[in-house]
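Visitor: Contents are mmCIF, C-alpha atoms; file name run-v9.cif:
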```cif
data_target
loop_
_atom_site.label_atom_id
_atom_site.label_comp_id
_atom_site.auth_asym_id
_atom_site.auth_seq_id
_atom_site.Cartn_x
_atom_site.Cartn_y
_atom_site.Cartn_z
CA MET A 1 184.24 116.40 73.23
CA ARG A 2 185.47 113.69 70.85
CA LYS A 3 183.12 110.85 70.04
CA ASN A 4 184.33 107.27 70.44
CA VAL A 5 184.26 104.40 67.96
CA LEU A 6 184.79 100.80 69.05
CA LEU A 7 187.05 98.85 66.69
CA VAL A 8 187.14 95.07 67.12
CA TYR A 9 190.01 93.42 65.22
CA ASN A 10 192.67 90.73 65.48
CA PRO A 11 196.08 92.37 66.09
CA ASP A 12 197.85 89.11 65.15
CA ASN A 13 196.44 89.25 61.61
CA GLU A 14 198.77 91.30 59.42
CA LEU A 15 196.06 92.63 57.10
CA SER A 16 193.73 93.40 60.00
CA ALA A 17 196.48 95.25 61.91
CA ARG A 18 197.45 97.31 58.86
CA ILE A 19 193.86 98.36 58.12
CA TYR A 20 193.31 99.10 61.81
CA GLY A 21 196.21 101.57 61.75
CA ASP A 22 194.94 103.30 58.62
CA MET A 23 191.40 103.38 60.02
CA CYS A 24 192.49 104.96 63.32
CA GLN A 25 194.23 107.76 61.43
CA TRP A 26 191.16 108.28 59.21
CA LEU A 27 188.81 108.39 62.21
CA ASP A 28 191.14 110.78 64.05
CA ARG A 29 191.05 113.19 61.09
CA HIS A 30 187.25 113.08 61.24
CA GLY A 31 187.12 113.86 64.95
CA PHE A 32 186.68 110.38 66.44
CA GLY A 33 188.61 108.61 69.15
CA THR A 34 189.02 104.84 68.97
CA ILE A 35 188.64 102.07 71.53
CA SER A 36 190.11 98.78 70.33
CA MET A 37 189.38 95.21 71.41
CA ASN A 38 190.50 91.75 70.36
CA PRO A 39 187.47 89.56 69.48
CA GLU A 40 188.85 86.81 71.72
CA ASN A 41 188.66 89.14 74.71
CA CYS A 42 185.30 90.77 74.07
CA THR A 43 183.43 90.78 77.35
CA ALA A 44 180.57 92.92 78.58
CA GLU A 45 182.00 93.09 82.10
CA ASN A 46 182.76 96.70 83.04
CA PHE A 47 182.37 97.80 79.42
CA ALA A 48 180.10 100.83 79.24
CA PRO A 49 181.74 103.67 77.27
CA GLU A 50 179.69 106.10 75.23
CA LEU A 51 180.03 105.01 71.60
CA GLU A 52 178.93 106.65 68.38
CA PHE A 53 179.19 103.39 66.44
CA ALA A 54 181.38 100.26 66.20
CA ILE A 55 183.42 98.54 63.50
CA SER A 56 184.15 94.81 63.36
CA LEU A 57 187.14 94.04 61.15
CA GLY A 58 187.45 90.35 60.36
CA GLY A 59 184.88 87.69 59.55
CA ASP A 60 181.44 86.73 60.81
CA GLY A 61 183.03 85.43 64.02
CA THR A 62 184.54 88.83 64.79
CA PHE A 63 181.16 90.44 64.19
CA LEU A 64 179.43 87.97 66.55
CA SER A 65 181.88 88.79 69.35
CA CYS A 66 181.38 92.51 68.79
CA ALA A 67 177.58 92.23 68.60
CA ARG A 68 177.30 90.19 71.82
CA LEU A 69 179.47 92.74 73.60
CA LEU A 70 177.15 95.57 72.54
CA SER A 71 173.81 93.74 72.68
CA GLY A 72 172.88 95.20 76.06
CA ASN A 73 173.09 98.72 74.66
CA PRO A 74 173.16 98.32 70.88
CA VAL A 75 174.94 100.89 68.75
CA PRO A 76 175.24 100.65 64.95
CA ILE A 77 177.93 98.17 63.84
CA LEU A 78 179.76 98.34 60.53
CA ALA A 79 180.90 94.80 59.69
CA LEU A 80 183.89 94.59 57.33
CA HIS A 81 185.24 91.22 56.26
CA LEU A 82 188.78 90.24 55.30
CA GLY A 83 188.06 86.78 53.92
CA THR A 84 185.96 85.33 51.14
CA PHE A 85 182.94 83.82 52.89
CA GLY A 86 180.63 85.85 55.08
CA PHE A 87 176.87 86.26 55.16
CA ILE A 88 176.81 89.00 57.80
CA THR A 89 179.95 90.94 56.91
CA GLU A 90 178.90 91.93 53.41
CA SER A 91 181.28 94.90 53.05
CA THR A 92 184.88 94.11 52.09
CA HIS A 93 188.02 95.66 53.57
CA LEU A 94 188.67 97.27 50.17
CA GLU A 95 185.56 99.43 50.64
CA TRP A 96 186.06 100.59 54.22
CA GLU A 97 186.91 104.23 53.53
CA GLU A 98 184.12 104.65 51.00
CA THR A 99 181.68 102.96 53.38
CA LEU A 100 182.64 105.12 56.36
CA GLU A 101 182.25 108.28 54.27
CA ALA A 102 178.77 107.15 53.23
CA TRP A 103 177.88 106.43 56.86
CA LEU A 104 179.04 109.81 58.13
CA ASP A 105 177.16 111.48 55.26
CA LYS A 106 173.99 109.67 56.47
CA ARG A 107 173.62 107.77 53.19
CA LEU A 108 173.39 104.34 54.84
CA ASP A 109 170.55 102.75 56.79
CA VAL A 110 170.61 100.79 60.04
CA GLU A 111 168.92 97.38 60.14
CA ASN A 112 167.57 96.09 63.45
CA ARG A 113 167.94 92.37 64.05
CA VAL A 114 166.53 89.93 66.57
CA VAL A 115 168.87 88.22 69.05
CA LEU A 116 168.28 85.38 71.51
CA ASP A 117 167.94 85.74 75.26
CA VAL A 118 169.05 82.41 76.74
CA CYS A 119 168.60 81.41 80.38
CA VAL A 120 169.70 78.19 82.11
CA ILE A 121 167.37 77.15 84.97
CA ARG A 122 168.66 74.82 87.68
CA ASN A 123 166.53 73.91 90.71
CA GLU A 124 164.01 76.60 89.66
CA LYS A 125 166.68 79.30 89.84
CA LYS A 126 168.41 81.22 87.07
CA LEU A 127 171.91 79.84 86.90
CA LYS A 128 173.34 81.52 83.79
CA THR A 129 172.18 83.91 81.08
CA PHE A 130 173.52 84.45 77.59
CA ARG A 131 172.82 86.63 74.58
CA ALA A 132 173.11 84.83 71.22
CA ILE A 133 173.38 86.64 67.90
CA ASN A 134 173.34 83.56 65.64
CA ASP A 135 172.15 80.54 67.58
CA ALA A 136 172.00 78.44 70.71
CA VAL A 137 172.75 74.73 70.34
CA LEU A 138 172.07 71.87 72.73
CA SER A 139 174.07 68.76 71.90
CA SER A 140 176.08 65.97 73.46
CA SER A 141 179.59 66.83 74.56
CA GLY A 142 180.67 63.33 73.49
CA ILE A 143 181.01 61.81 70.03
CA SER A 144 177.97 60.12 68.43
CA LYS A 145 175.90 60.24 71.62
CA LEU A 146 172.11 60.64 71.60
CA VAL A 147 170.51 63.45 73.57
CA ARG A 148 167.07 63.16 75.11
CA LEU A 149 165.21 66.43 75.35
CA SER A 150 161.70 67.70 76.12
CA LEU A 151 160.35 70.66 74.22
CA LYS A 152 157.81 73.42 74.90
CA LEU A 153 156.88 76.06 72.32
CA GLY A 154 154.99 79.18 73.41
CA GLY A 155 154.05 77.47 76.67
CA TYR A 156 152.66 74.34 74.99
CA GLU A 157 154.09 70.82 75.17
CA ALA A 158 155.67 69.99 71.81
CA GLY A 159 157.01 66.50 72.47
CA TYR A 160 160.18 64.60 73.26
CA PHE A 161 163.27 64.49 71.10
CA ARG A 162 166.03 61.98 70.57
CA GLY A 163 168.89 62.76 68.23
CA ASP A 164 172.17 64.64 68.04
CA GLY A 165 170.74 67.91 69.33
CA MET A 166 168.65 71.02 68.75
CA ILE A 167 169.49 74.41 67.23
CA LEU A 168 167.50 77.56 67.93
CA SER A 169 168.57 80.19 65.45
CA THR A 170 167.80 83.82 64.75
CA ALA A 171 167.21 85.00 61.20
CA THR A 172 170.80 86.28 61.22
CA GLY A 173 172.05 82.81 62.15
CA SER A 174 169.76 80.93 59.77
CA THR A 175 172.57 80.79 57.19
CA ALA A 176 174.96 79.13 59.67
CA TYR A 177 174.67 75.80 61.56
CA SER A 178 170.90 75.69 61.15
CA MET A 179 171.14 75.85 57.34
CA ALA A 180 173.86 73.19 57.34
CA SER A 181 171.48 70.97 59.34
CA GLY A 182 168.63 71.39 56.85
CA GLY A 183 166.92 74.48 58.26
CA PRO A 184 165.41 77.24 56.08
CA ILE A 185 167.04 80.59 55.33
CA LEU A 186 165.26 83.60 56.83
CA VAL A 187 165.68 87.16 55.58
CA PRO A 188 167.55 88.87 58.47
CA PRO A 189 165.09 91.65 59.47
CA MET A 190 162.38 89.03 60.17
CA ASP A 191 161.21 88.82 63.78
CA ALA A 192 161.31 85.02 63.75
CA LEU A 193 163.33 82.07 65.02
CA VAL A 194 164.14 78.67 63.51
CA LEU A 195 164.14 75.50 65.60
CA THR A 196 166.17 72.87 63.74
CA PRO A 197 166.67 69.26 64.92
CA ILE A 198 170.12 67.78 64.38
CA CYS A 199 169.98 64.21 63.01
CA PRO A 200 166.69 63.28 64.74
CA PHE A 201 166.03 59.65 65.61
CA SER A 202 162.56 60.00 64.06
CA PHE A 203 161.50 61.19 60.60
CA SER A 204 158.62 63.15 62.18
CA TRP A 205 160.94 65.90 63.45
CA ARG A 206 161.30 68.80 61.02
CA PRO A 207 162.61 72.40 61.27
CA ILE A 208 159.95 74.92 62.31
CA VAL A 209 159.84 78.72 62.05
CA ILE A 210 158.25 80.40 65.06
CA PRO A 211 157.54 84.02 66.09
CA GLY A 212 160.43 85.69 67.84
CA LYS A 213 158.32 86.45 70.94
CA ASP A 214 157.40 82.80 71.57
CA GLU A 215 159.37 81.23 74.38
CA VAL A 216 161.21 77.99 73.64
CA GLU A 217 161.87 75.75 76.63
CA ILE A 218 164.12 72.71 76.29
CA GLY A 219 164.54 70.28 79.18
CA VAL A 220 167.09 67.51 79.66
CA ASP A 221 165.58 64.08 80.29
CA ALA A 222 166.31 62.48 83.66
CA ASN A 223 167.55 59.37 81.82
CA GLN A 224 170.10 61.29 79.76
CA ARG A 225 173.39 59.38 79.89
CA SER A 226 175.99 61.52 78.10
CA ASP A 227 176.88 65.06 79.11
CA ILE A 228 175.08 67.89 77.28
CA LEU A 229 176.59 71.18 76.26
CA LEU A 230 174.89 74.50 75.50
CA THR A 231 176.86 76.39 72.84
CA ILE A 232 176.26 80.06 72.05
CA ASP A 233 177.25 81.30 68.57
CA GLY A 234 179.85 78.54 68.41
CA GLN A 235 182.01 80.65 70.73
CA GLU A 236 180.72 80.18 74.29
CA SER A 237 179.69 76.95 76.00
CA PHE A 238 178.08 75.83 79.26
CA PRO A 239 177.40 72.32 80.66
CA ILE A 240 173.76 71.36 81.10
CA GLU A 241 172.82 68.77 83.73
CA LYS A 242 169.91 66.33 83.99
CA GLY A 243 166.69 68.08 84.95
CA ASN A 244 167.95 71.51 83.82
CA LEU A 245 165.83 73.78 81.64
CA VAL A 246 167.01 76.15 78.93
CA ARG A 247 164.54 78.95 78.19
CA MET A 248 165.00 81.10 75.10
CA SER A 249 163.13 83.86 73.31
CA GLY A 250 163.82 86.56 70.77
CA LYS A 251 164.75 90.13 71.67
CA THR A 252 163.95 92.75 69.04
CA ALA A 253 166.68 95.16 67.93
CA GLY A 254 169.40 93.44 69.95
CA VAL A 255 171.77 94.15 67.06
CA ARG A 256 171.90 97.26 64.90
CA LEU A 257 173.76 96.62 61.65
CA ILE A 258 174.90 99.34 59.23
CA LYS A 259 173.73 98.22 55.80
CA LEU A 260 175.34 98.95 52.46
CA ASN A 261 173.14 100.09 49.60
CA LYS A 262 175.16 98.04 47.11
CA ARG A 263 173.99 94.49 47.82
CA ALA A 264 170.62 93.00 48.69
CA PHE A 265 170.49 89.92 50.93
CA TYR A 266 169.23 87.84 48.01
CA GLU A 267 172.31 88.77 46.02
CA VAL A 268 174.55 87.82 48.92
CA ILE A 269 173.09 84.32 49.31
CA ARG A 270 173.05 83.83 45.53
CA THR A 271 176.77 84.58 45.44
CA LYS A 272 177.77 82.74 48.61
CA LEU A 273 175.72 79.61 47.86
CA GLY A 274 176.47 79.53 44.16
CA TRP A 275 172.92 79.92 42.91
CA SER A 276 174.12 80.43 39.35
CA GLY A 277 170.94 79.18 37.69
CA GLY A 278 173.07 77.30 35.15
CA PRO A 279 174.60 73.84 34.88
CA HIS A 280 176.84 74.47 37.91
CA ALA A 281 173.95 75.31 40.28
#
```
Rewrite the structure from the file as structure tokens, please.
Guide:
Amino acid sequence: MRKNVLLVYNPDNELSARIYGDMCQWLDRHGFGTISMNPENCTAENFAPELEFAISLGGDGTFLSCARLLSGNPVPILALHLGTFGFITESTHLEWEETLEAWLDKRLDVENRVVLDVCVIRNEKKLKTFRAINDAVLSSSGISKLVRLSLKLGGYEAGYFRGDGMILSTATGSTAYSMASGGPILVPPMDALVLTPICPFSFSWRPIVIPGKDEVEIGVDANQRSDILLTIDGQESFPIEKGNLVRMSGKTAGVRLIKLNKRAFYEVIRTKLGWSGGPHA
């Protein structure tokens, strides 16, 4: 019986489509069948085939779509990027054949990463659940509107917030919106989360790193005027009403990422962020 490989790619991208064709032929010669999906249509509904592993061919956004799709039953994902900037997709499309050979020869490791379980509570009932690979963001759906939020960390009251919003990020997502908002970078295998305020209305609010198991509960103040939006990985959104609660916590090994032996994470961020150590740093 042939084993299946999921291949997530954009068929409208010429380079992606060409590599997809070559990759399908390569996998077929090595005894694998392929299941293909467009990242814009990745949905977990009715998707439960037996997979040996998965390949995301694109950028970090393509990987996020693929990882959310598989987060309920994680299989190893090989992330290949086509562009120039990607913290997650460290392997380039020029290396795909070499990388697949190394994977099939069992010369590559799998890195387990924490994801976020996100639940929206309305009238003490679960209204909607999400799985976030990078981050969950609560912010105003309008322009330059303050949000008023209450915060609990690990079951303890942590105060009230006014500002542009809050980001709860995994270690994987710490190099995305959270970093751009002043949050720290976490090394991806860490079982930790980063809570980062966005433009707080008080200097006392600072980013905080918390254990992945600690529950984060954010409530919307009853006096909130503008509409609030919950955004997952910058790709999914859901409106949050006054009095609603958003409960979030880390889930260990929600993503399994095939790692190259060529580059360490510190080398990746040095290159991507331009840490040259010289006059251009």
Visitor: Please compute the CA of Arg247 in chain A-CA of Ile88 in chain A distance, one decimal, in Å.
Guide: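 That distance, rounded to one decimal, is 25.8 Å.
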Visitor: What does the PyMOL selection byres ((chain A and resi 132) around 7) select in this file, as a list of chain:residue names?
Guide: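 Checked against the file, the PyMOL selection byres ((chain A and resi 132) around 7) matches A:Arg68, A:Val115, A:Leu116, A:Asp117, A:Phe130, A:Arg131, A:Ile133, A:Asn134, A:Asp135, A:Ala136, A:Ile232, A:Asp233.
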Visitor: With distances taken over only C-alpha atoms, which of A:Val220, A:Val110, A:Cys119, A:Ile208 is nearest to Arg162 in chain A?
Guide: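 So, comparing all the options, the nearest one is A:Val220.
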Visitor: Using only C-alpha atoms for the distances, tell me which of A:Ile218, A:Ala54, A:Ala171, A:Met37 is nearest to Gly159 in chain A.
Guide: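 Comparing A:Ile218, A:Ala54, A:Ala171, A:Met37 against Gly159 in chain A, the winner is A:Ile218.
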Visitor: Please provide the set of residues having any atom within 9 Å of range 26-35 of chain A, restricted to all atoms listed in the file, with same-chain residues fewer than 5 positions apart removed, written as a list of chain:residue names.
Guide: A:Arg2, A:Lys3, A:Asn4, A:Val5, A:Leu6, A:Leu7, A:Val8, A:Gly21, A:Glu52, A:Glu97
Visitor: Here is a test: counting all atoms listed in the file, which residue of A:Val137, A:Leu229, A:Val194, A:Leu273 is nearest to Lys242 in chain A?
Guide: A:Leu229
Visitor: Rounded to one decimal, what separation in Å do you get between CA of Gly58 in chain A and CA of Leu257 in chain A?
Guide: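 Rounded to one decimal, the two atoms are 15.1 Å apart.
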Visitor: Within 6 Å of (187.2, 97.3, 61.2) in the file's own coordinates, which protein, DNA or RNA residues have an atom, counting all atoms listed in the file? List them as a list in words.
Guide: Leu7, Ile55, Ser56, Leu57 and Leu80 of chain A
Visitor: Take CA of Ser91 in chain A and CA of Val268 in chain A and report the distance between them in Å, one decimal.
Guide: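 For CA of Ser91 in chain A relative to CA of Val268 in chain A, the distance reads 10.6 Å.
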Visitor: Residues picked by the PyMOL selection byres ((chain A and resi 146) around 9) here, as JSON, numbers by chain?
Guide: {"A": [139, 140, 144, 145, 147, 148, 162, 163, 164, 165, 201, 224, 225, 226]}
Visitor: Between A:Trp275, A:Trp96, A:Phe265, A:Phe87, which has the minimum distance to Pro189 in chain A (counting all atoms listed in the file)?
Guide: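 Of the candidates, the smallest distance to Pro189 in chain A is held by A:Phe265.
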Visitor: For Val209 in chain A, work out the shell of residues within 7 Å, counting all atoms listed in the file and skipping chain neighbours fewer than 6 positions away, then give it as a VMD selection string.
Guide: chain A and resid 192 to 195
Visitor: Selected by the PyMOL selection byres ((chain A and resi 214) around 9) in the shown coordinates: which residues, as a list in words?
Guide: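 Given this file, the PyMOL selection byres ((chain A and resi 214) around 9) evaluates to Leu153, Gly154, Gly155, Leu193, Ile210, Pro211, Gly212, Lys213, Glu215, Val216, Met248, Ser249 and Gly250 of chain A.
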Visitor: Point out the residue among A:Thr231, A:Asn112, A:Ser237, A:Thr99 with the least atom-to-atom distance to Ser169 in chain A, counting only C-alpha atoms.
Guide: A:Thr231
Visitor: Which polymer residues have any atom within 8 Å of an atom of Ser181 in chain A, counting only C-alpha atoms, with same-chain residues fewer than 6 positions away left out, as a list in words?
Guide: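 Using only C-alpha atoms, the neighbours found are Thr196, Pro197, Ile198 and Cys199 of chain A.
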Visitor: If you keep C-alpha atoms, can you produce a file of those selected residues as a PDB file, keeping the file's coordinate frame?
Guide:
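Final output, result.pdb:
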```
ATOM      1  CA  THR A 196     166.170  72.870  63.740  1.00  0.00           C
ATOM      2  CA  PRO A 197     166.670  69.260  64.920  1.00  0.00           C
ATOM      3  CA  ILE A 198     170.120  67.780  64.380  1.00  0.00           C
ATOM      4  CA  CYS A 199     169.980  64.210  63.010  1.00  0.00           C
TER       5      CYS A 199
END
```
Visitor: Please, could N, CA and C atoms be added to range 136-155 of chain A and the result written as a PDB file, in the coordinates of the input?
Guide:
```
ATOM      1  N   ALA A 136     171.711  79.208  69.500  1.00  0.00           N
ATOM      2  CA  ALA A 136     172.000  78.440  70.710  1.00  0.00           C
ATOM      3  C   ALA A 136     171.802  76.980  70.360  1.00  0.00           C
ATOM      4  N   VAL A 137     172.775  76.141  70.721  1.00  0.00           N
ATOM      5  CA  VAL A 137     172.750  74.730  70.340  1.00  0.00           C
ATOM      6  C   VAL A 137     172.869  73.865  71.580  1.00  0.00           C
ATOM      7  N   LEU A 138     171.980  72.886  71.685  1.00  0.00           N
ATOM      8  CA  LEU A 138     172.070  71.870  72.730  1.00  0.00           C
ATOM      9  C   LEU A 138     172.461  70.559  72.078  1.00  0.00           C
ATOM     10  N   SER A 139     173.582  70.002  72.498  1.00  0.00           N
ATOM     11  CA  SER A 139     174.070  68.760  71.900  1.00  0.00           C
ATOM     12  C   SER A 139     174.923  68.013  72.907  1.00  0.00           C
ATOM     13  N   SER A 140     175.238  66.767  72.588  1.00  0.00           N
ATOM     14  CA  SER A 140     176.080  65.970  73.460  1.00  0.00           C
ATOM     15  C   SER A 140     177.514  66.482  73.401  1.00  0.00           C
ATOM     16  N   SER A 141     178.188  66.433  74.545  1.00  0.00           N
ATOM     17  CA  SER A 141     179.590  66.830  74.560  1.00  0.00           C
ATOM     18  C   SER A 141     180.491  65.684  74.119  1.00  0.00           C
ATOM     19  N   GLY A 142     179.915  64.474  73.973  1.00  0.00           N
ATOM     20  CA  GLY A 142     180.670  63.330  73.490  1.00  0.00           C
ATOM     21  C   GLY A 142     180.455  63.114  71.998  1.00  0.00           C
ATOM     22  N   ILE A 143     181.105  62.109  71.461  1.00  0.00           N
ATOM     23  CA  ILE A 143     181.010  61.810  70.030  1.00  0.00           C
ATOM     24  C   ILE A 143     179.928  60.773  69.792  1.00  0.00           C
ATOM     25  N   SER A 144     179.025  61.060  68.844  1.00  0.00           N
ATOM     26  CA  SER A 144     177.970  60.120  68.430  1.00  0.00           C
ATOM     27  C   SER A 144     177.134  59.635  69.613  1.00  0.00           C
ATOM     28  N   LYS A 145     176.739  60.575  70.476  1.00  0.00           N
ATOM     29  CA  LYS A 145     175.900  60.240  71.620  1.00  0.00           C
ATOM     30  C   LYS A 145     174.529  60.894  71.449  1.00  0.00           C
ATOM     31  N   LEU A 146     173.460  60.103  71.685  1.00  0.00           N
ATOM     32  CA  LEU A 146     172.110  60.640  71.600  1.00  0.00           C
ATOM     33  C   LEU A 146     171.823  61.574  72.766  1.00  0.00           C
ATOM     34  N   VAL A 147     171.032  62.607  72.489  1.00  0.00           N
ATOM     35  CA  VAL A 147     170.510  63.450  73.570  1.00  0.00           C
ATOM     36  C   VAL A 147     169.006  63.233  73.649  1.00  0.00           C
ATOM     37  N   ARG A 148     168.503  63.323  74.847  1.00  0.00           N
ATOM     38  CA  ARG A 148     167.070  63.160  75.110  1.00  0.00           C
ATOM     39  C   ARG A 148     166.550  64.454  75.701  1.00  0.00           C
ATOM     40  N   LEU A 149     165.675  65.108  74.962  1.00  0.00           N
ATOM     41  CA  LEU A 149     165.210  66.430  75.350  1.00  0.00           C
ATOM     42  C   LEU A 149     163.703  66.508  75.324  1.00  0.00           C
ATOM     43  N   SER A 150     163.124  67.348  76.195  1.00  0.00           N
ATOM     44  CA  SER A 150     161.700  67.700  76.120  1.00  0.00           C
ATOM     45  C   SER A 150     161.594  69.101  75.555  1.00  0.00           C
ATOM     46  N   LEU A 151     160.484  69.386  74.917  1.00  0.00           N
ATOM     47  CA  LEU A 151     160.350  70.660  74.220  1.00  0.00           C
ATOM     48  C   LEU A 151     158.990  71.298  74.482  1.00  0.00           C
ATOM     49  N   LYS A 152     159.017  72.593  74.824  1.00  0.00           N
ATOM     50  CA  LYS A 152     157.810  73.420  74.900  1.00  0.00           C
ATOM     51  C   LYS A 152     157.969  74.592  73.954  1.00  0.00           C
ATOM     52  N   LEU A 153     156.898  74.915  73.225  1.00  0.00           N
ATOM     53  CA  LEU A 153     156.880  76.060  72.320  1.00  0.00           C
ATOM     54  C   LEU A 153     155.729  76.976  72.694  1.00  0.00           C
ATOM     55  N   GLY A 154     156.038  78.225  73.043  1.00  0.00           N
ATOM     56  CA  GLY A 154     154.990  79.180  73.410  1.00  0.00           C
ATOM     57  C   GLY A 154     154.158  78.730  74.576  1.00  0.00           C
ATOM     58  N   GLY A 155     154.769  77.948  75.488  1.00  0.00           N
ATOM     59  CA  GLY A 155     154.050  77.470  76.670  1.00  0.00           C
ATOM     60  C   GLY A 155     153.335  76.156  76.476  1.00  0.00           C
TER      61      GLY A 155
END
```
